[in-house]
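Below: one structure, written as structure tokens.
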Amino acid sequence: NAGVMQNPRHLVRRRGQEARLRCSPMKGHSHVYWYRQLPEEGLKFMVYLQKENIIDESGMPKERFSAEFPKEGPSILRIQQVVRGDSAAYFCASSPRALGITEAFFGQGTRLTVV
Amino acid sequence: AQKITQTQPGMFVQEKEAVTLDCTYDTSDQSYGLFWYKQPSSGEMIFLIYQGSYDEQNATEGRYSLNFQKARKSANLVISASQLGDSAMYFCAMRESPNAGNMLTFGGGTRLMVKP
């Protein structure tokens with residue numbers, strides 16, 4: 001049973017380019033959460049999605065960032081016109097239900113470097 | 001106010017000794033969950049242990065145990081018999097009311113270094 005899969009593991013983008021980060025949840029999980037980790041900090045919640053729906057995007061920057069979780073395929077976190085401050089590790093987690101989890105497993109993260 | 005506070009930026013422990021990593025939290029919810037994660041230098045987030053607010057017993061998982069003091073709002077991680085491979089960042093996180101979804105709020109982390 002594969003865990004949460006994220007790709008790519010490392011991504012380098014020039015300022016102004018677009019970054020697309022992918023997250024495939026664990027089998028049977030229909031809830032996905034994206035987090036960002038700036039250097040030397042803890043993870044910060046960005047967005048929570050169910051299949052085809054954004055449930056909570058309270059942690060998402062208002063501009064340039066978007067997320068989707070289509071009916072088929074992985075969840076995508078998209079960052080348009082990247083800037084140096086977007087350099088961070090982006091993690092996703094998945095869960096089988098909406099409420100009251102007692103364990104939360106993360107993917108290995110995507111390390112985005114903006115040059 | 002910080003929801004999760006980890007006051008020890010870095011700690012040293014001698015191999016084979018026990019170490020306690022502090023975590024205090026702030027919530028007005030009655031039902032919540034507390035998680036600990038290990039992040040080695042390779043960067044992945046490894047789930048260690050979970051404590052529910054209504055759990056009467058302290059959680060244990062192998063060498064990891066959670067010293068849960070609800071009245072003090074603390075959930076300290078105890079690692080017994082430290083090993084060199086325990087050297088890593090450790091993060092405490094909280095899931096608040098189940099009705100709020102499963103989003104986790106993380107503390108700033110503690111870097112643990114195990115000395116041989």
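We name chains A, B, ... following the order of the structure tokens; residues begin at 1 in each chain, and ligands are numbered from 1 as shown.
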
Which polymer residues have any atom within 12 Å of an atom of Phe106 in chain A, counting only C-alpha atoms, with same-chain residues fewer than 4 positions away left out, as number ranges by chain?
A: 2-6, 23-26, 32-36, 43, 90-95, 110; B: 37-39, 43-48, 104

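Selecting chain B residues within 7 Å of chain A and counting only C-alpha atoms yields Glu44, Met45, Phe47, Tyr50, Pro98, Asn99, Gly101, Asn102, Met103, Leu104, Thr105, Phe106, Gly107, Gly108 and Gly109 of chain B.
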
Same residues, N, CA and C atoms, saved as a PDB file, in the first residue's frame:
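Now in part.pdb:
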ATOM      1  N   GLU B  44      11.881  14.286   4.958  1.00  0.00           N
ATOM      2  CA  GLU B  44      10.511  13.777   5.030  1.00  0.00           C
ATOM      3  C   GLU B  44       9.942  13.968   6.433  1.00  0.00           C
ATOM      4  N   MET B  45       8.642  13.971   6.532  1.00  0.00           N
ATOM      5  CA  MET B  45       7.941  14.112   7.811  1.00  0.00           C
ATOM      6  C   MET B  45       7.464  12.724   8.233  1.00  0.00           C
ATOM      7  N   PHE B  47       5.569  10.448  10.927  1.00  0.00           N
ATOM      8  CA  PHE B  47       4.602  10.471  12.018  1.00  0.00           C
ATOM      9  C   PHE B  47       5.091   9.554  13.138  1.00  0.00           C
ATOM     10  N   TYR B  50       0.392   9.914  18.439  1.00  0.00           N
ATOM     11  CA  TYR B  50      -0.828  10.720  18.517  1.00  0.00           C
ATOM     12  C   TYR B  50      -1.435  10.605  19.917  1.00  0.00           C
ATOM     13  N   PRO B  98     -12.827  18.481  15.776  1.00  0.00           N
ATOM     14  CA  PRO B  98     -13.063  17.646  14.590  1.00  0.00           C
ATOM     15  C   PRO B  98     -13.918  18.349  13.554  1.00  0.00           C
ATOM     16  N   ASN B  99     -14.783  19.231  13.985  1.00  0.00           N
ATOM     17  CA  ASN B  99     -15.644  19.919  13.031  1.00  0.00           C
ATOM     18  C   ASN B  99     -14.880  20.893  12.149  1.00  0.00           C
ATOM     19  N   GLY B 101     -12.212  20.135  10.552  1.00  0.00           N
ATOM     20  CA  GLY B 101     -11.414  19.421   9.556  1.00  0.00           C
ATOM     21  C   GLY B 101     -10.129  18.916  10.163  1.00  0.00           C
ATOM     22  N   ASN B 102      -9.309  18.326   9.343  1.00  0.00           N
ATOM     23  CA  ASN B 102      -8.111  17.669   9.831  1.00  0.00           C
ATOM     24  C   ASN B 102      -6.851  18.499   9.661  1.00  0.00           C
ATOM     25  N   MET B 103      -6.959  19.787   9.485  1.00  0.00           N
ATOM     26  CA  MET B 103      -5.773  20.596   9.305  1.00  0.00           C
ATOM     27  C   MET B 103      -4.959  20.624  10.592  1.00  0.00           C
ATOM     28  N   LEU B 104      -3.655  20.560  10.445  1.00  0.00           N
ATOM     29  CA  LEU B 104      -2.755  20.580  11.585  1.00  0.00           C
ATOM     30  C   LEU B 104      -2.062  21.929  11.701  1.00  0.00           C
ATOM     31  N   THR B 105      -1.881  22.367  12.958  1.00  0.00           N
ATOM     32  CA  THR B 105      -1.088  23.547  13.251  1.00  0.00           C
ATOM     33  C   THR B 105       0.209  23.073  13.893  1.00  0.00           C
ATOM     34  N   PHE B 106       1.322  23.509  13.345  1.00  0.00           N
ATOM     35  CA  PHE B 106       2.627  23.026  13.789  1.00  0.00           C
ATOM     36  C   PHE B 106       3.343  24.057  14.649  1.00  0.00           C
ATOM     37  N   GLY B 107       4.179  23.542  15.558  1.00  0.00           N
ATOM     38  CA  GLY B 107       5.113  24.392  16.277  1.00  0.00           C
ATOM     39  C   GLY B 107       6.361  24.629  15.438  1.00  0.00           C
ATOM     40  N   GLY B 108       7.263  25.410  15.987  1.00  0.00           N
ATOM     41  CA  GLY B 108       8.472  25.768  15.258  1.00  0.00           C
ATOM     42  C   GLY B 108       9.561  24.701  15.254  1.00  0.00           C
ATOM     43  N   GLY B 109       9.372  23.670  16.072  1.00  0.00           N
ATOM     44  CA  GLY B 109      10.305  22.552  16.037  1.00  0.00           C
ATOM     45  C   GLY B 109      11.432  22.650  17.054  1.00  0.00           C
TER      46      GLY B 109
END

Could you tell me, as an MDAnalysis selection string, which residues of chain B DSSP assigns to strand (DSSP E or B) when given the backbone?
chainID B and resid 4:5 10:14 19:21 24:25 33:39 46:52 60:61 64:69 74:79 88:95 104:106 110:115

Pick from B:Met11, B:Asp26, B:Thr5, B:Met89: nearest to Lys73 in chain B, with only C-alpha atoms counted?
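With only C-alpha atoms as the atom set, the closest residue is B:Asp26.
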
With a distance cut-off of 7 Å and only C-alpha atoms, select the neighbouring residues of Arg64 in chain A, excluding the residue or stretch itself and same-chain residues fewer than 6 positions from it, and output the selection as a PyMOL selection string.
chain A and resi 79-81
